[in-house]
$ cat query-v4.tsv   # TSV, C-alpha atoms
chain	number	residue	atom	x	y	z
A	1	MET	CA	187.67	219.41	-47.96
A	2	SER	CA	191.06	217.95	-47.09
A	3	ALA	CA	190.12	214.70	-48.81
A	4	LEU	CA	190.07	216.62	-52.08
A	5	SER	CA	193.34	218.49	-51.72
A	6	ARG	CA	195.55	215.53	-52.58
A	7	GLN	CA	198.21	215.89	-55.23
A	8	ILE	CA	197.71	214.57	-58.73
A	9	PRO	CA	200.36	212.10	-59.96
A	10	GLU	CA	202.66	213.01	-62.86
A	11	ARG	CA	201.40	210.10	-64.94
A	12	VAL	CA	199.26	207.01	-64.79
A	13	ASP	CA	200.21	203.80	-66.56
A	14	THR	CA	197.81	201.04	-67.55
A	15	GLU	CA	198.46	197.77	-69.33
A	16	ARG	CA	198.59	199.47	-72.76
A	17	LEU	CA	198.41	203.20	-72.13
A	18	THR	CA	200.16	206.13	-70.52
A	19	LEU	CA	198.08	209.04	-69.21
A	20	ARG	CA	199.93	212.25	-68.50
A	21	PRO	CA	199.36	216.01	-68.60
A	22	PHE	CA	199.42	217.59	-72.04
A	23	THR	CA	202.50	219.57	-73.05
A	24	SER	CA	202.97	222.19	-75.74
A	25	ASP	CA	204.45	219.44	-77.92
A	26	ASP	CA	201.02	217.75	-78.02
A	27	VAL	CA	199.09	220.57	-79.69
A	28	ASP	CA	199.18	219.09	-83.20
A	29	ASP	CA	198.19	215.61	-81.98
A	30	ARG	CA	195.28	217.04	-79.98
A	31	HIS	CA	194.17	219.25	-82.84
A	32	ALA	CA	194.23	216.23	-85.21
A	33	TYR	CA	191.14	214.77	-83.48
A	34	GLN	CA	189.58	217.80	-81.76
A	35	SER	CA	189.25	219.52	-85.17
A	36	LEU	CA	187.15	216.70	-86.66
A	37	PRO	CA	183.40	217.32	-87.08
A	38	GLU	CA	182.68	213.66	-86.18
A	39	VAL	CA	184.43	214.19	-82.83
A	40	ALA	CA	182.72	217.50	-82.04
A	41	ARG	CA	179.22	216.33	-83.00
A	42	TYR	CA	178.49	214.89	-79.53
A	43	LEU	CA	180.21	217.68	-77.59
A	44	TYR	CA	177.71	220.51	-78.29
A	45	ARG	CA	180.38	222.78	-79.69
A	46	PRO	CA	182.15	223.27	-83.01
A	47	PRO	CA	185.44	221.54	-83.81
A	48	LEU	CA	188.38	223.17	-82.04
A	49	THR	CA	190.96	225.28	-83.81
A	50	ARG	CA	194.66	224.67	-83.36
A	51	GLU	CA	194.87	227.86	-81.31
A	52	SER	CA	192.04	226.81	-78.97
A	53	CYS	CA	193.76	223.44	-78.44
A	54	ALA	CA	197.02	225.23	-77.63
A	55	GLU	CA	195.29	227.71	-75.31
A	56	SER	CA	193.50	225.01	-73.31
A	57	ILE	CA	196.79	223.13	-72.89
A	58	ARG	CA	198.53	226.35	-71.75
A	59	ALA	CA	195.70	227.15	-69.31
A	60	ARG	CA	196.05	223.77	-67.62
A	61	ALA	CA	199.86	223.62	-67.63
A	62	ASP	CA	200.18	224.54	-63.95
A	63	ALA	CA	196.81	223.21	-62.78
A	64	THR	CA	197.76	220.56	-60.25
A	65	GLY	CA	195.32	221.51	-57.52
A	66	TRP	CA	192.19	219.56	-56.76
A	67	GLN	CA	190.22	221.62	-54.26
A	68	ALA	CA	187.68	223.99	-55.79
A	69	ASP	CA	184.62	223.65	-57.97
A	70	GLY	CA	185.74	223.68	-61.59
A	71	ASP	CA	189.26	222.36	-61.00
A	72	SER	CA	190.03	219.89	-63.74
A	73	LEU	CA	192.59	217.36	-64.75
A	74	LEU	CA	193.08	216.93	-68.50
A	75	LEU	CA	195.33	214.02	-69.45
A	76	ALA	CA	196.78	213.06	-72.81
A	77	VAL	CA	196.46	209.36	-73.62
A	78	ARG	CA	199.23	207.61	-75.52
A	79	ARG	CA	199.83	203.98	-76.27
A	80	THR	CA	202.72	202.90	-74.06
A	81	GLY	CA	206.04	203.52	-75.76
A	82	GLU	CA	204.55	205.52	-78.63
A	83	PRO	CA	204.83	209.31	-78.97
A	84	VAL	CA	201.45	210.10	-80.58
A	85	VAL	CA	198.52	211.22	-78.44
A	86	VAL	CA	195.49	209.09	-79.37
A	87	GLY	CA	192.97	210.84	-77.12
A	88	GLU	CA	192.30	212.42	-73.79
A	89	VAL	CA	190.45	211.96	-70.54
A	90	VAL	CA	189.26	214.73	-68.26
A	91	LEU	CA	188.12	214.85	-64.66
A	92	THR	CA	186.38	217.99	-63.42
A	93	LEU	CA	185.55	218.70	-59.79
A	94	ARG	CA	181.93	219.86	-60.04
A	95	ASN	CA	181.08	220.06	-56.34
A	96	ALA	CA	183.97	220.09	-53.86
A	97	ARG	CA	181.74	220.00	-50.78
A	98	ALA	CA	179.84	216.92	-52.01
A	99	ARG	CA	183.01	215.43	-53.59
A	100	GLN	CA	181.38	214.99	-57.00
A	101	ALA	CA	183.38	214.90	-60.20
A	102	GLU	CA	182.52	214.60	-63.88
A	103	ILE	CA	184.55	212.33	-66.15
A	104	GLY	CA	184.86	212.60	-69.91
A	105	TRP	CA	186.91	211.26	-72.81
A	106	VAL	CA	187.61	212.11	-76.42
A	107	PHE	CA	189.59	209.86	-78.76
A	108	HIS	CA	190.76	210.06	-82.35
A	109	PRO	CA	188.33	207.98	-84.46
A	110	ALA	CA	191.31	206.18	-86.03
A	111	HIS	CA	191.89	204.55	-82.64
A	112	ALA	CA	188.27	203.58	-81.91
A	113	GLY	CA	187.29	200.00	-81.22
A	114	HIS	CA	190.42	199.02	-79.30
A	115	GLY	CA	189.11	199.64	-75.78
A	116	TYR	CA	191.41	202.61	-75.17
A	117	ALA	CA	188.62	204.90	-73.92
A	118	THR	CA	187.44	202.28	-71.43
A	119	GLU	CA	190.98	201.52	-70.25
A	120	ALA	CA	191.88	205.20	-69.83
A	121	ALA	CA	188.56	206.12	-68.18
A	122	ARG	CA	188.89	203.16	-65.78
A	123	ALA	CA	192.36	204.37	-64.76
A	124	LEU	CA	191.10	207.93	-64.25
A	125	ALA	CA	188.08	206.73	-62.26
A	126	SER	CA	190.35	204.65	-60.03
A	127	LEU	CA	192.53	207.72	-59.47
A	128	ALA	CA	189.45	209.81	-58.66
A	129	PHE	CA	188.21	207.41	-56.02
A	130	ALA	CA	191.48	206.12	-54.53
A	131	ARG	CA	193.66	209.23	-54.57
A	132	LEU	CA	191.42	212.27	-55.00
A	133	GLY	CA	188.65	211.43	-52.53
A	134	VAL	CA	185.74	211.55	-54.99
A	135	HIS	CA	182.44	210.25	-53.60
A	136	ARG	CA	180.35	210.28	-56.81
A	137	LEU	CA	181.66	210.19	-60.37
A	138	TYR	CA	179.35	210.94	-63.27
A	139	ALA	CA	179.39	211.34	-67.03
A	140	ARG	CA	177.02	213.39	-69.20
A	141	LEU	CA	176.83	212.30	-72.80
A	142	ASP	CA	174.71	212.75	-75.87
A	143	ALA	CA	172.10	209.99	-75.96
A	144	LEU	CA	173.13	209.22	-79.57
A	145	ASN	CA	176.75	208.61	-78.56
A	146	THR	CA	176.53	204.81	-78.34
A	147	GLY	CA	180.30	204.43	-78.00
A	148	SER	CA	180.36	206.49	-74.81
A	149	VAL	CA	177.26	204.70	-73.52
A	150	ARG	CA	179.20	201.43	-73.84
A	151	VAL	CA	182.21	202.91	-72.03
A	152	CYS	CA	179.99	203.99	-69.12
A	153	GLU	CA	178.39	200.57	-68.92
A	154	ARG	CA	181.78	198.79	-69.05
A	155	LEU	CA	182.87	200.98	-66.14
A	156	GLY	CA	179.90	199.76	-64.11
A	157	MET	CA	178.16	203.13	-64.13
A	158	ARG	CA	174.37	203.20	-63.95
A	159	ARG	CA	172.14	205.41	-66.08
A	160	GLU	CA	170.57	207.87	-63.65
A	161	ALA	CA	168.88	210.28	-66.03
A	162	HIS	CA	167.69	210.81	-69.56
A	163	LEU	CA	167.45	214.55	-70.23
A	164	ILE	CA	165.24	215.27	-73.24
A	165	ASP	CA	166.23	218.16	-75.55
A	166	SER	CA	168.64	219.37	-72.89
A	167	ASP	CA	171.17	221.16	-75.09
A	168	LEU	CA	171.34	222.77	-78.50
A	169	ASP	CA	173.96	221.66	-81.00
A	170	GLY	CA	173.64	224.14	-83.82
A	171	ASP	CA	170.10	223.50	-85.07
A	172	ARG	CA	169.71	220.11	-83.40
A	173	TRP	CA	168.29	219.60	-79.95
A	174	GLY	CA	170.31	216.97	-78.16
A	175	SER	CA	169.18	214.66	-75.42
A	176	GLU	CA	171.65	213.52	-72.80
A	177	TYR	CA	172.19	210.58	-70.50
A	178	VAL	CA	173.74	210.93	-67.08
A	179	TYR	CA	175.66	207.88	-65.84
A	180	ALA	CA	177.18	207.64	-62.36
A	181	VAL	CA	178.95	205.41	-59.88
A	182	LEU	CA	179.65	205.93	-56.17
A	183	ALA	CA	182.99	205.27	-54.48
A	184	ARG	CA	181.57	202.36	-52.46
A	185	GLU	CA	180.19	200.78	-55.65
A	186	TRP	CA	183.52	201.22	-57.42
A	187	ARG	CA	185.40	199.50	-54.60
A	188	ALA	CA	182.94	196.58	-54.66

$ encode --input "query-v4.tsv" --output "structure tokens"
Amino acid sequence: MSALSRQIPERVDTERLTLRPFTSDDVDDRHAYQSLPEVARYLYRPPLTRESCAESIRARADATGWQADGDSLLLAVRRTGEPVVVGEVVLTLRNARARQAEIGWVFHPAHAGHGYATEAARALASLAFARLGVHRLYARLDALNTGSVRVCERLGMRREAHLIDSDLDGDRWGSEYVYAVLAREWRA
């Protein structure tokens, strides 16, 4: 368990992006994309309200631990030197004993096609393996979400499962893919 109790850094910088915890000043930026139906369509939930965006930011404000099942790290993604949040990445500890974590990302459609999701997810995956002691990192995504499929493949994740009609999104049954990569594969 001690491998998972490491501290989470204040921010992570990549070539073009800064990843850092959300603050109350980011509520409007987050709501700008989380409220869009085209963003929520692959997340098996309705678009988020401004209040639900604010509440989830408040709930994670002091969450710096990484020890127990369900602990998560939600990071705002900004282009370096710019104030606007363009998306987010999240890492959730799903099984502390087996050191397995789930990674996810959501970006404003206006910023799609620039490689930001891949760049941010790569930085978060590196953090998960190098600093947080994760053994297996996986992503679950709607099988129709071709953008996220491409991100997983660019990260070197392998498709491990295709779950048929595994979740209900309103009236539509959604099928999911599970992609994963192990720490030893990531290092290679």

$ residues_around --input "query-v4.tsv" --residues "Asp29 (chain A)" --least-positions-apart "6" --cutoff "8 Å" --atoms "all atoms listed in the file" --output "PyMOL selection string"
chain A and resi 84-86

$ residues_around --input "query-v4.tsv" --residues "region 47-57 of chain A" --least-positions-apart "6" --cutoff "8 Å" --atoms "all atoms listed in the file" --output "PDB file with C-alpha atoms, in the coordinates of the input"
ATOM      1  CA  PHE A  22     199.420 217.590 -72.040  1.00  0.00           C
ATOM      2  CA  THR A  23     202.500 219.570 -73.050  1.00  0.00           C
ATOM      3  CA  SER A  24     202.970 222.190 -75.740  1.00  0.00           C
ATOM      4  CA  VAL A  27     199.090 220.570 -79.690  1.00  0.00           C
ATOM      5  CA  ASP A  28     199.180 219.090 -83.200  1.00  0.00           C
ATOM      6  CA  ARG A  30     195.280 217.040 -79.980  1.00  0.00           C
ATOM      7  CA  HIS A  31     194.170 219.250 -82.840  1.00  0.00           C
ATOM      8  CA  GLN A  34     189.580 217.800 -81.760  1.00  0.00           C
ATOM      9  CA  SER A  35     189.250 219.520 -85.170  1.00  0.00           C
ATOM     10  CA  LEU A  36     187.150 216.700 -86.660  1.00  0.00           C
ATOM     11  CA  PRO A  37     183.400 217.320 -87.080  1.00  0.00           C
ATOM     12  CA  VAL A  39     184.430 214.190 -82.830  1.00  0.00           C
ATOM     13  CA  ALA A  40     182.720 217.500 -82.040  1.00  0.00           C
TER      14      ALA A  40
END

$ closest_residue --input "query-v4.tsv" --among "A:His114, A:Arg99, A:Asp171, A:Ala123" --to "Tyr138 (chain A)" --atoms "all atoms listed in the file"
A:Arg99

$ closest_residue --input "query-v4.tsv" --among "A:Arg41, A:Arg94, A:Arg159, A:Arg16" --to "Glu82 (chain A)" --atoms "all atoms listed in the file"
A:Arg16

$ closest_residue --input "query-v4.tsv" --among "A:Glu88, A:Asp142, A:Asp25, A:Glu185" --to "Asp165 (chain A)" --atoms "only C-alpha atoms"
A:Asp142

$ closest_residue --input "query-v4.tsv" --among "A:Ala130, A:Leu163, A:Val89, A:Leu144" --to "Trp105 (chain A)" --atoms "all atoms listed in the file"
A:Val89

$ closest_atom_pairs --input "query-v4.tsv" --of "region 95-123 of chain A" --to "region 175-184 of chain A" --cutoff "12 Å" --atoms "all atoms listed in the file" --output "tab-separated table"
residue	atom	partner	partner_atom	distance
A:Ala98	CA	A:Leu182	CA	11.8
A:Arg99	CA	A:Ala183	CA	10.2
A:Gln100	CA	A:Leu182	CA	9.3
A:Ala101	CA	A:Ala180	CA	9.8
A:Glu102	CA	A:Ala180	CA	8.9
A:Ile103	CA	A:Ala180	CA	9.5
A:Gly104	CA	A:Tyr179	CA	11.1
A:Arg122	CA	A:Val181	CA	11.8

$ closest_residue --input "query-v4.tsv" --among "A:Ala161, A:Gly174, A:Arg79, A:Tyr44" --to "Tyr116 (chain A)" --atoms "all atoms listed in the file"
A:Arg79

$ atom_distance --input "query-v4.tsv" --atom1 "CA of Ala117 (chain A)" --atom2 "CA of Arg154 (chain A)"
10.4 Å

$ atom_distance --input "query-v4.tsv" --atom1 "CA of Pro9 (chain A)" --atom2 "CA of His108 (chain A)"
24.4 Å

$ atom_distance --input "query-v4.tsv" --atom1 "CA of Ser166 (chain A)" --atom2 "CA of Arg140 (chain A)"
10.9 Å

$ closest_residue --input "query-v4.tsv" --among "A:Glu38, A:Ile8, A:Gly147, A:Pro46" --to "Gly170 (chain A)" --atoms "only C-alpha atoms"
A:Pro46

$ residues_around --input "query-v4.tsv" --residues "Leu17 (chain A)" --least-positions-apart "2" --cutoff "6 Å" --atoms "only C-alpha atoms" --output "ChimeraX atom specification"
/A:13-14,78-80

$ axis_aligned_box --input "query-v4.tsv" --around "region 11-26 of chain A" --padding-each-side "3 Å" --output "AutoDock Vina command-line options"
--center_x 201.1 --center_y 210.0 --center_z -71.4 --size_x 12.6 --size_y 30.4 --size_z 19.2
